[in-house]
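Following: one structure in structure tokens, then a few remarks.
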Amino acid sequence: MSKRASLGQVHKYSLPVHPIEVPNIVPHNPISWVQFLIAYWKGVTVVQTTTADFVNGQFLVSNDEDIKTLWKNGFFGKGIFSRSEATWYDRTQKRLGLGEFKNLTIEEITAIRRDERKKFKKERAKLEAKQAELKKAGIVDPFIEERLELKNLRDKDIDVKVERTIDFRDDDQQLLVDGKLQNLETLELFAAEAFFLKFALNAINIRHNDQPISTVELFNKLSSSKVDDLFIMNYVVYHHYRSLGWCVRSGIKFGTEYLLYKRGPPFHHAEHAVIILPNYKDEQQNEQVAKDFVWLSSISRVIGGVRKNLIIVFVDIPTQEEFDSCETLEEKFKLYKINELLYRRWVANKNRD
Amino acid sequence: MSIPLVDQVQQNLLFQQLWTQVTPIKLSNITILQGFPKEKLISDDETNLNKEFVLPIKLKDEITPNMLDQVFKELQGVKRLVLGIVNDDGTVVYYIVHDGVYKPKKN
Amino acid sequence: MNKEEGAMVTDEKLPISIINNKAFIFDLNVIKKLRFLGIGGVLSGTLPTAPQQNVFLGLPLQLMIEEVVWLVENEYAYLVPERDFLNDLIQGLNNDDVLQIQNEKQKLMDLEQNEKLIQLNDKLDKLGKNNTSDETKLKNINQSLSIKIFDNSNNLKNSEFLKKTILQNKLIQKNLLNSLNYNNLNYKIFNHLKLKNYFLAPGLRFGGKFIGYPGDPLRYHAHLIINTINWNQDIGLMNIVNGGRLATGVKKVWLIGSERDDDEDEQEDEQDEQEEKDEKVRCFSVEWAGFG
């Protein structure tokens, strides 16, 4: 429980732009009024600025502080050697027998859970086989029946108290410099994330070939300036959900474009998975790019299987002329409109209520 | 000259998935990786750890049955291939492609 | 496996009704025989005793196009066209044909008449009242002769002649088959897996073209979610991610079925037609690796 409280503290801000912090006003205390007015007057939003390098089409953040900042303030980016939060350094220290014991990382917990599940399934299979054999001989062993019943009450919160085994391989030699572990892990931002931090929040400096690049230059590198450019469509949807307060992350694990989290990965599993489709003004173009029902059925099946909602987002595409006639990026983006569709599998005899 | 895509998957295999002895192999059209996974790729395998082959590929790249066929042809006798699919957020997801019709094992 | 259990399959070809470019079977016996051939189809009619539900459906059985093609090519079945087609056919009958059909009908009626006469005589003998003449008896019988109206495809048995016409007329069969507009690749993959003794069914529910069982669905779980993709067509890595994830989650494998399109001369030696057609087929099975 205390872990929860501190998580809330750590992730107090959902973006790297912090609102003005004004102290509370205690009505009968004039000093608190003064403090409030001073804070208000000085009022400056605090922007946590970070730096990323644009190299080989990837946005990489190598500064350890920046990596932490981006994760704390809205869960931006993904550690290239981790499942989401960049924990490679800690994990590797433990694996190589360097550094101290700390809490288990998500990766370790997942690995242990998977192992336990495997063991559990093996045991259950053995029991079931025995049960089947005995049934053939017409015997019902109450002992086995009982054990099977207990096994079926699965323990979801497997208590992970494990001792780490040290695993130092030949390949790991190259990681050490003077006996100290080098942090090989960088944080990678996907295009929409990086662009959002730059264009919408101006909270990041992007370097290309060691030179800073401007928002417009970045846009030109990421998109072809055609109206139905994939980057533009994906960005518009990203921007839309971020500005509504959602934490938006990559959905590739489930075959969708994005996953929407209410607060962020450490708090709760994502509820929604987003796929993006274009909606042209010209019906003929729509027919050309239309996906078939088999595809939709497949995706909805995967999403349903992990208990998430499938949101199909249709992005209204403006005409090329409208797009070209706009001067600023803001104007261009404003031409796009978002339509959302929630898609759920309905089975007649199960979903009666 | 090293290819960034192949390097990226090699690093991921070595330092996140904890594979060992991961090295590139140059085929006629592409470069793939070979190495030993941390655990048996498929739990019902009779023998112990096998050398596995990984094809690094970006999510947005094209892949056709023809291309898969060519890789299997060049790796004579190899029955399965791992696709290392790189997304632009740095995620690498791995899928096994078996040559032919394969019977699923219990998971 | 199918051939052994196919003891029920006789030499007589099974009729498949083609209605509105879809294939239906209305006869329960035909359905049973098809099952032994490893062809399942999908029941698509309402159950008269329980019309307000769709969990359990009844006749007719609808077949996939690929199933129809397979049955016809392997000479297990023939195609029966719809009413309009039949009407045209009947219009095209000449006098001799009509006479022949009438003769058949007359024969059937005579047969029935004689049977009824024998039955009547037996009854009267038992009651000890057999004293009227045969003529009077026949008059009475004729009044009660029924004209059977068959309500299934057995109707055609009424006219062996018509049946033979349709069955033997290769042009009709070929045209009917072509009117189904089947996709060649889909059929090649279907055939390939059928040769490996898989039982195939529609795969929409699982995001594929077919779903494959290693035997009858009542005995086995499905193993394969089958998709057909052209040799040089992009499979789509997102589809691999999706399909592999979906399949692994339900203990199946995501199959890519394709066919070489090069003109390479494979083997030169004698092969029977089936094998030759099949050897260009190439399949790949995808599953999630369990890590990453």
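Chain identifiers are assigned as A, B, and so on, following the order in which chains appear in the structure tokens; residues are numbered from 1 within each chain, and ligands are numbered from 1 in order of appearance.
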
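Within 9 Å of Lys251 (chain C), once only C-alpha atoms are used and residues closer than 2 positions along the same chain are dropped, the contacting residues are Pro104, Lys105, Lys106 and Asn107 of chain B; Ala222, His223, Leu246, Ala247, Thr248, Gly249 and Val253 of chain C.
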
Convert the current residue selection to file output with C-alpha atoms, as a CSV table (one decimal), in the first residue's frame.
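Result file is result-v1.csv:
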chain,number,residue,atom,x,y,z
B,104,PRO,CA,1.2,-26.8,-32.0
B,105,LYS,CA,2.6,-27.9,-28.8
B,106,LYS,CA,0.9,-27.5,-25.4
B,107,ASN,CA,1.9,-24.1,-23.9
C,222,ALA,CA,-8.2,-27.3,-34.2
C,223,HIS,CA,-4.5,-26.9,-34.8
C,246,LEU,CA,-4.0,-14.8,-31.5
C,247,ALA,CA,-3.1,-18.4,-32.5
C,248,THR,CA,-0.6,-19.0,-29.7
C,249,GLY,CA,-3.2,-17.7,-27.2
C,253,VAL,CA,-0.6,-22.1,-35.1

| said: Which residues are close to Val61 (chain A), i.e. within 12 Å by only C-alpha atoms, leaving aside same-chain residues fewer than 4 positions away? Reply as JSON, numbers by chain. | reply: {"A": [49, 50, 51, 52, 53, 54, 55, 65, 66, 67, 68, 69, 70, 71, 76, 77, 78, 79, 80, 86, 184, 185, 186, 187, 188, 189, 190, 194, 204, 205, 206, 207], "B": [89, 90]}

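Within 6 Å of chain B, and using only C-alpha atoms, the residues found on chain C are Trp231, Asn232, Gln233, Asp234, Ile235, Leu237, Lys252, Val253, Cys283, Phe284, Ser285, Val286, Glu287, Trp288, Ala289 and Gly292 of chain C.
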
For the residues selected in the previous step, produce a file with C-alpha atoms as a compact mmCIF listing (two decimals), in the first residue's frame.
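Contents of the output file again31.txt:
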# COMPACT_ATOMS: atom_id res chain seq x y z
CA TRP C 231 3.85 -15.87 -53.46
CA ASN C 232 5.02 -12.29 -53.87
CA GLN C 233 2.38 -10.63 -51.76
CA ASP C 234 3.36 -8.84 -48.59
CA ILE C 235 2.20 -10.94 -45.68
CA LEU C 237 4.37 -8.04 -40.35
CA LYS C 252 -3.02 -23.09 -32.45
CA VAL C 253 -0.60 -22.13 -35.12
CA CYS C 283 3.29 -23.47 -46.08
CA PHE C 284 4.81 -21.68 -43.09
CA SER C 285 3.58 -21.89 -39.50
CA VAL C 286 3.84 -18.92 -37.20
CA GLU C 287 3.68 -18.80 -33.42
CA TRP C 288 4.70 -16.29 -30.79
CA ALA C 289 8.16 -17.05 -29.47
CA GLY C 292 10.12 -10.29 -26.29

| Neighbours of region 114-127 of chain C within 9 Å (only C-alpha atoms; same-chain residues fewer than 6 positions away dropped), as a VMD selection string? | chain C and resid 134 137 to 138 141 145

| message | Please identify the alpha helix (DSSP H) residues within chain B (assignment by DSSP from backbone atoms) and present them as a ChimeraX atom specification. | response | /B:4-15,65-74

Export, as a PDB file, in the first residue's frame, the selected residues with C-alpha atoms.
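Output file selection.pdb follows:
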ATOM      1  CA  PRO B   4      21.977  -0.746 -37.653  1.00  0.00           C
ATOM      2  CA  LEU B   5      18.930  -2.997 -37.813  1.00  0.00           C
ATOM      3  CA  VAL B   6      20.957  -6.180 -37.385  1.00  0.00           C
ATOM      4  CA  ASP B   7      23.011  -4.555 -34.624  1.00  0.00           C
ATOM      5  CA  GLN B   8      19.889  -3.510 -32.793  1.00  0.00           C
ATOM      6  CA  VAL B   9      18.444  -7.002 -32.772  1.00  0.00           C
ATOM      7  CA  GLN B  10      21.825  -8.504 -31.890  1.00  0.00           C
ATOM      8  CA  GLN B  11      22.098  -6.222 -28.874  1.00  0.00           C
ATOM      9  CA  ASN B  12      18.559  -6.983 -27.849  1.00  0.00           C
ATOM     10  CA  LEU B  13      19.172 -10.713 -28.048  1.00  0.00           C
ATOM     11  CA  LEU B  14      22.419 -10.509 -26.113  1.00  0.00           C
ATOM     12  CA  PHE B  15      21.450  -8.066 -23.394  1.00  0.00           C
ATOM     13  CA  PRO B  65       6.284 -16.150 -48.805  1.00  0.00           C
ATOM     14  CA  ASN B  66       8.941 -16.004 -51.518  1.00  0.00           C
ATOM     15  CA  MET B  67      11.388 -14.252 -49.182  1.00  0.00           C
ATOM     16  CA  LEU B  68      10.820 -16.763 -46.398  1.00  0.00           C
ATOM     17  CA  ASP B  69      11.295 -19.597 -48.868  1.00  0.00           C
ATOM     18  CA  GLN B  70      14.626 -18.161 -49.973  1.00  0.00           C
ATOM     19  CA  VAL B  71      15.930 -17.920 -46.439  1.00  0.00           C
ATOM     20  CA  PHE B  72      14.997 -21.526 -45.722  1.00  0.00           C
ATOM     21  CA  LYS B  73      16.594 -22.601 -48.972  1.00  0.00           C
ATOM     22  CA  GLU B  74      19.897 -20.977 -48.104  1.00  0.00           C
TER      23      GLU B  74
END

Where does DSSP see strand (DSSP E) in chain B, if you list the residues as a PDB file with N, CA and C atoms, in the first residue's frame?
ATOM      1  N   THR B  20      23.279 -16.191 -26.103  1.00  0.00           N
ATOM      2  CA  THR B  20      24.739 -16.175 -26.114  1.00  0.00           C
ATOM      3  C   THR B  20      25.248 -16.454 -27.519  1.00  0.00           C
ATOM      4  N   GLN B  21      26.493 -16.039 -27.749  1.00  0.00           N
ATOM      5  CA  GLN B  21      27.195 -16.283 -29.020  1.00  0.00           C
ATOM      6  C   GLN B  21      26.368 -15.845 -30.218  1.00  0.00           C
ATOM      7  N   VAL B  22      25.869 -14.632 -30.151  1.00  0.00           N
ATOM      8  CA  VAL B  22      25.044 -14.120 -31.240  1.00  0.00           C
ATOM      9  C   VAL B  22      25.921 -13.439 -32.276  1.00  0.00           C
ATOM     10  N   THR B  23      25.940 -13.980 -33.488  1.00  0.00           N
ATOM     11  CA  THR B  23      26.784 -13.404 -34.547  1.00  0.00           C
ATOM     12  C   THR B  23      26.007 -13.313 -35.849  1.00  0.00           C
ATOM     13  N   PRO B  24      26.397 -12.351 -36.711  1.00  0.00           N
ATOM     14  CA  PRO B  24      25.687 -12.223 -37.989  1.00  0.00           C
ATOM     15  C   PRO B  24      26.162 -13.231 -39.024  1.00  0.00           C
ATOM     16  N   ILE B  25      25.232 -13.605 -39.945  1.00  0.00           N
ATOM     17  CA  ILE B  25      25.569 -14.439 -41.109  1.00  0.00           C
ATOM     18  C   ILE B  25      25.084 -13.703 -42.339  1.00  0.00           C
ATOM     19  N   LYS B  26      25.960 -13.597 -43.296  1.00  0.00           N
ATOM     20  CA  LYS B  26      25.543 -12.899 -44.500  1.00  0.00           C
ATOM     21  C   LYS B  26      24.983 -13.906 -45.509  1.00  0.00           C
ATOM     22  N   THR B  31      21.140 -10.142 -44.263  1.00  0.00           N
ATOM     23  CA  THR B  31      21.989 -10.625 -43.174  1.00  0.00           C
ATOM     24  C   THR B  31      21.098 -11.084 -42.042  1.00  0.00           C
ATOM     25  N   ILE B  32      21.365 -12.274 -41.526  1.00  0.00           N
ATOM     26  CA  ILE B  32      20.584 -12.730 -40.376  1.00  0.00           C
ATOM     27  C   ILE B  32      21.528 -12.995 -39.213  1.00  0.00           C
ATOM     28  N   LEU B  33      20.969 -13.406 -38.079  1.00  0.00           N
ATOM     29  CA  LEU B  33      21.783 -13.664 -36.890  1.00  0.00           C
ATOM     30  C   LEU B  33      21.644 -15.119 -36.478  1.00  0.00           C
ATOM     31  N   GLN B  34      22.677 -15.643 -35.860  1.00  0.00           N
ATOM     32  CA  GLN B  34      22.580 -16.981 -35.280  1.00  0.00           C
ATOM     33  C   GLN B  34      23.035 -16.888 -33.843  1.00  0.00           C
ATOM     34  N   GLY B  35      22.510 -17.778 -33.019  1.00  0.00           N
ATOM     35  CA  GLY B  35      22.929 -17.746 -31.619  1.00  0.00           C
ATOM     36  C   GLY B  35      22.189 -18.787 -30.816  1.00  0.00           C
ATOM     37  N   PHE B  36      22.467 -18.812 -29.515  1.00  0.00           N
ATOM     38  CA  PHE B  36      21.836 -19.772 -28.634  1.00  0.00           C
ATOM     39  C   PHE B  36      20.938 -19.042 -27.666  1.00  0.00           C
ATOM     40  N   GLU B  52      19.820 -21.283 -32.979  1.00  0.00           N
ATOM     41  CA  GLU B  52      18.640 -20.737 -33.648  1.00  0.00           C
ATOM     42  C   GLU B  52      19.047 -19.614 -34.561  1.00  0.00           C
ATOM     43  N   PHE B  53      18.214 -19.351 -35.552  1.00  0.00           N
ATOM     44  CA  PHE B  53      18.502 -18.307 -36.525  1.00  0.00           C
ATOM     45  C   PHE B  53      17.453 -17.218 -36.441  1.00  0.00           C
ATOM     46  N   VAL B  54      17.912 -15.973 -36.431  1.00  0.00           N
ATOM     47  CA  VAL B  54      16.992 -14.858 -36.259  1.00  0.00           C
ATOM     48  C   VAL B  54      17.068 -13.921 -37.452  1.00  0.00           C
ATOM     49  N   LEU B  55      15.920 -13.605 -38.023  1.00  0.00           N
ATOM     50  CA  LEU B  55      15.874 -12.661 -39.140  1.00  0.00           C
ATOM     51  C   LEU B  55      15.411 -11.299 -38.624  1.00  0.00           C
ATOM     52  N   PRO B  56      16.323 -10.301 -38.577  1.00  0.00           N
ATOM     53  CA  PRO B  56      15.911  -8.973 -38.113  1.00  0.00           C
ATOM     54  C   PRO B  56      15.145  -8.256 -39.213  1.00  0.00           C
ATOM     55  N   ILE B  57      14.043  -7.642 -38.824  1.00  0.00           N
ATOM     56  CA  ILE B  57      13.224  -6.980 -39.832  1.00  0.00           C
ATOM     57  C   ILE B  57      12.429  -5.865 -39.169  1.00  0.00           C
ATOM     58  N   LYS B  58      12.207  -4.774 -39.891  1.00  0.00           N
ATOM     59  CA  LYS B  58      11.430  -3.672 -39.316  1.00  0.00           C
ATOM     60  C   LYS B  58       9.951  -3.921 -39.565  1.00  0.00           C
ATOM     61  N   ARG B  80      13.292 -24.139 -38.617  1.00  0.00           N
ATOM     62  CA  ARG B  80      12.554 -23.001 -38.097  1.00  0.00           C
ATOM     63  C   ARG B  80      13.445 -21.777 -37.990  1.00  0.00           C
ATOM     64  N   LEU B  81      12.768 -20.639 -38.040  1.00  0.00           N
ATOM     65  CA  LEU B  81      13.428 -19.342 -38.095  1.00  0.00           C
ATOM     66  C   LEU B  81      12.725 -18.439 -37.091  1.00  0.00           C
ATOM     67  N   VAL B  82      13.466 -17.539 -36.461  1.00  0.00           N
ATOM     68  CA  VAL B  82      12.812 -16.582 -35.576  1.00  0.00           C
ATOM     69  C   VAL B  82      12.805 -15.221 -36.255  1.00  0.00           C
ATOM     70  N   LEU B  83      11.656 -14.586 -36.301  1.00  0.00           N
ATOM     71  CA  LEU B  83      11.607 -13.222 -36.830  1.00  0.00           C
ATOM     72  C   LEU B  83      11.801 -12.250 -35.678  1.00  0.00           C
ATOM     73  N   GLY B  84      12.778 -11.376 -35.794  1.00  0.00           N
ATOM     74  CA  GLY B  84      12.965 -10.340 -34.778  1.00  0.00           C
ATOM     75  C   GLY B  84      12.405  -9.048 -35.342  1.00  0.00           C
ATOM     76  N   ILE B  85      11.208  -8.692 -34.948  1.00  0.00           N
ATOM     77  CA  ILE B  85      10.496  -7.570 -35.566  1.00  0.00           C
ATOM     78  C   ILE B  85      10.692  -6.315 -34.732  1.00  0.00           C
ATOM     79  N   VAL B  86      11.298  -5.312 -35.346  1.00  0.00           N
ATOM     80  CA  VAL B  86      11.627  -4.074 -34.634  1.00  0.00           C
ATOM     81  C   VAL B  86      10.593  -2.998 -34.914  1.00  0.00           C
ATOM     82  N   VAL B  92      11.291  -4.917 -29.638  1.00  0.00           N
ATOM     83  CA  VAL B  92      11.570  -6.008 -30.571  1.00  0.00           C
ATOM     84  C   VAL B  92      10.706  -7.183 -30.142  1.00  0.00           C
ATOM     85  N   VAL B  93       9.833  -7.645 -31.037  1.00  0.00           N
ATOM     86  CA  VAL B  93       8.998  -8.803 -30.709  1.00  0.00           C
ATOM     87  C   VAL B  93       9.449  -9.982 -31.562  1.00  0.00           C
ATOM     88  N   TYR B  94       9.361 -11.158 -30.985  1.00  0.00           N
ATOM     89  CA  TYR B  94       9.910 -12.342 -31.647  1.00  0.00           C
ATOM     90  C   TYR B  94       8.834 -13.356 -31.971  1.00  0.00           C
ATOM     91  N   TYR B  95       8.834 -13.813 -33.217  1.00  0.00           N
ATOM     92  CA  TYR B  95       7.874 -14.828 -33.652  1.00  0.00           C
ATOM     93  C   TYR B  95       8.618 -15.945 -34.370  1.00  0.00           C
ATOM     94  N   ILE B  96       8.198 -17.184 -34.118  1.00  0.00           N
ATOM     95  CA  ILE B  96       8.839 -18.337 -34.748  1.00  0.00           C
ATOM     96  C   ILE B  96       8.103 -18.680 -36.034  1.00  0.00           C
ATOM     97  N   VAL B  97       8.848 -18.875 -37.108  1.00  0.00           N
ATOM     98  CA  VAL B  97       8.261 -19.329 -38.365  1.00  0.00           C
ATOM     99  C   VAL B  97       8.785 -20.730 -38.656  1.00  0.00           C
ATOM    100  N   HIS B  98       7.892 -21.708 -38.694  1.00  0.00           N
ATOM    101  CA  HIS B  98       8.286 -23.076 -39.006  1.00  0.00           C
ATOM    102  C   HIS B  98       8.140 -23.322 -40.486  1.00  0.00           C
ATOM    103  N   ASP B  99       9.028 -24.146 -41.033  1.00  0.00           N
ATOM    104  CA  ASP B  99       8.955 -24.530 -42.429  1.00  0.00           C
ATOM    105  C   ASP B  99       7.881 -25.602 -42.558  1.00  0.00           C
TER     106      ASP B  99
END

| query | Would you list which chain A residues are within 8 Å of chain C using only C-alpha atoms, as JSON, numbers by chain? | reply | {"A": [83, 252, 253, 254, 255, 294, 295, 296, 297, 298, 299, 301, 302, 349]}

Please save C-alpha atoms of the selected residues as a PDB file, in the first residue's frame.
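Saved file part-v4.pdb follows:
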ATOM      1  CA  ARG A  83       9.678  -4.202 -21.265  1.00  0.00           C
ATOM      2  CA  ILE A 252       2.418  -3.337 -31.096  1.00  0.00           C
ATOM      3  CA  LYS A 253       2.245  -6.122 -28.523  1.00  0.00           C
ATOM      4  CA  PHE A 254      -1.408  -6.539 -29.443  1.00  0.00           C
ATOM      5  CA  GLY A 255      -1.247  -5.591 -33.065  1.00  0.00           C
ATOM      6  CA  VAL A 294     -11.370 -11.173 -41.505  1.00  0.00           C
ATOM      7  CA  TRP A 295      -8.757  -8.627 -40.417  1.00  0.00           C
ATOM      8  CA  LEU A 296     -11.166  -6.867 -38.082  1.00  0.00           C
ATOM      9  CA  SER A 297     -12.354 -10.144 -36.644  1.00  0.00           C
ATOM     10  CA  SER A 298      -8.778 -11.215 -35.960  1.00  0.00           C
ATOM     11  CA  ILE A 299      -7.768  -8.009 -34.173  1.00  0.00           C
ATOM     12  CA  ARG A 301     -10.339 -11.436 -31.103  1.00  0.00           C
ATOM     13  CA  VAL A 302      -6.831 -10.665 -29.839  1.00  0.00           C
ATOM     14  CA  ASN A 349     -26.597 -16.156 -26.014  1.00  0.00           C
TER      15      ASN A 349
END

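Of the listed residues C:Val69, C:Ala50, C:Val80, C:Val30, the one whose atoms come nearest to Phe190 (chain C) is C:Val69, with distances taken using only C-alpha atoms.
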
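Across the model, the gap from CA of Arg249 (chain A) to CA of Val216 (chain A) is 23.9 Å.
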
| query | Could you state the separation of CA of Leu86 (chain C) and CA of Asp27 (chain C) in Å, given to one decimal place? | reply | 19.3 Å

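Picture a line from CA of Pro37 (chain B) to CA of Leu18 (chain B); it runs 7.1 Å.
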
| Which residues, written as a ChimeraX atom specification, have at least one atom at most 12 Å from Glu193 (chain A), with only C-alpha atoms counted and residues fewer than 2 positions away on the same chain left out? | /A:15,52,58-60,70,74-78,187-191,195-204,231,234-239,241-242,247-250,258 /B:88-89

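When only C-alpha atoms are used to compute distances to chain A, the closest of the residues B:Asn29, B:Ser43, B:Val78, B:Lys51 turns out to be B:Ser43.
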
| message | Please list as a ChimeraX atom specification every residue within 10 Å of Pro48 (chain C), counting only C-alpha atoms and excluding residues in the same chain fewer than 2 positions away. | response | /C:45-46,50-52,57-59
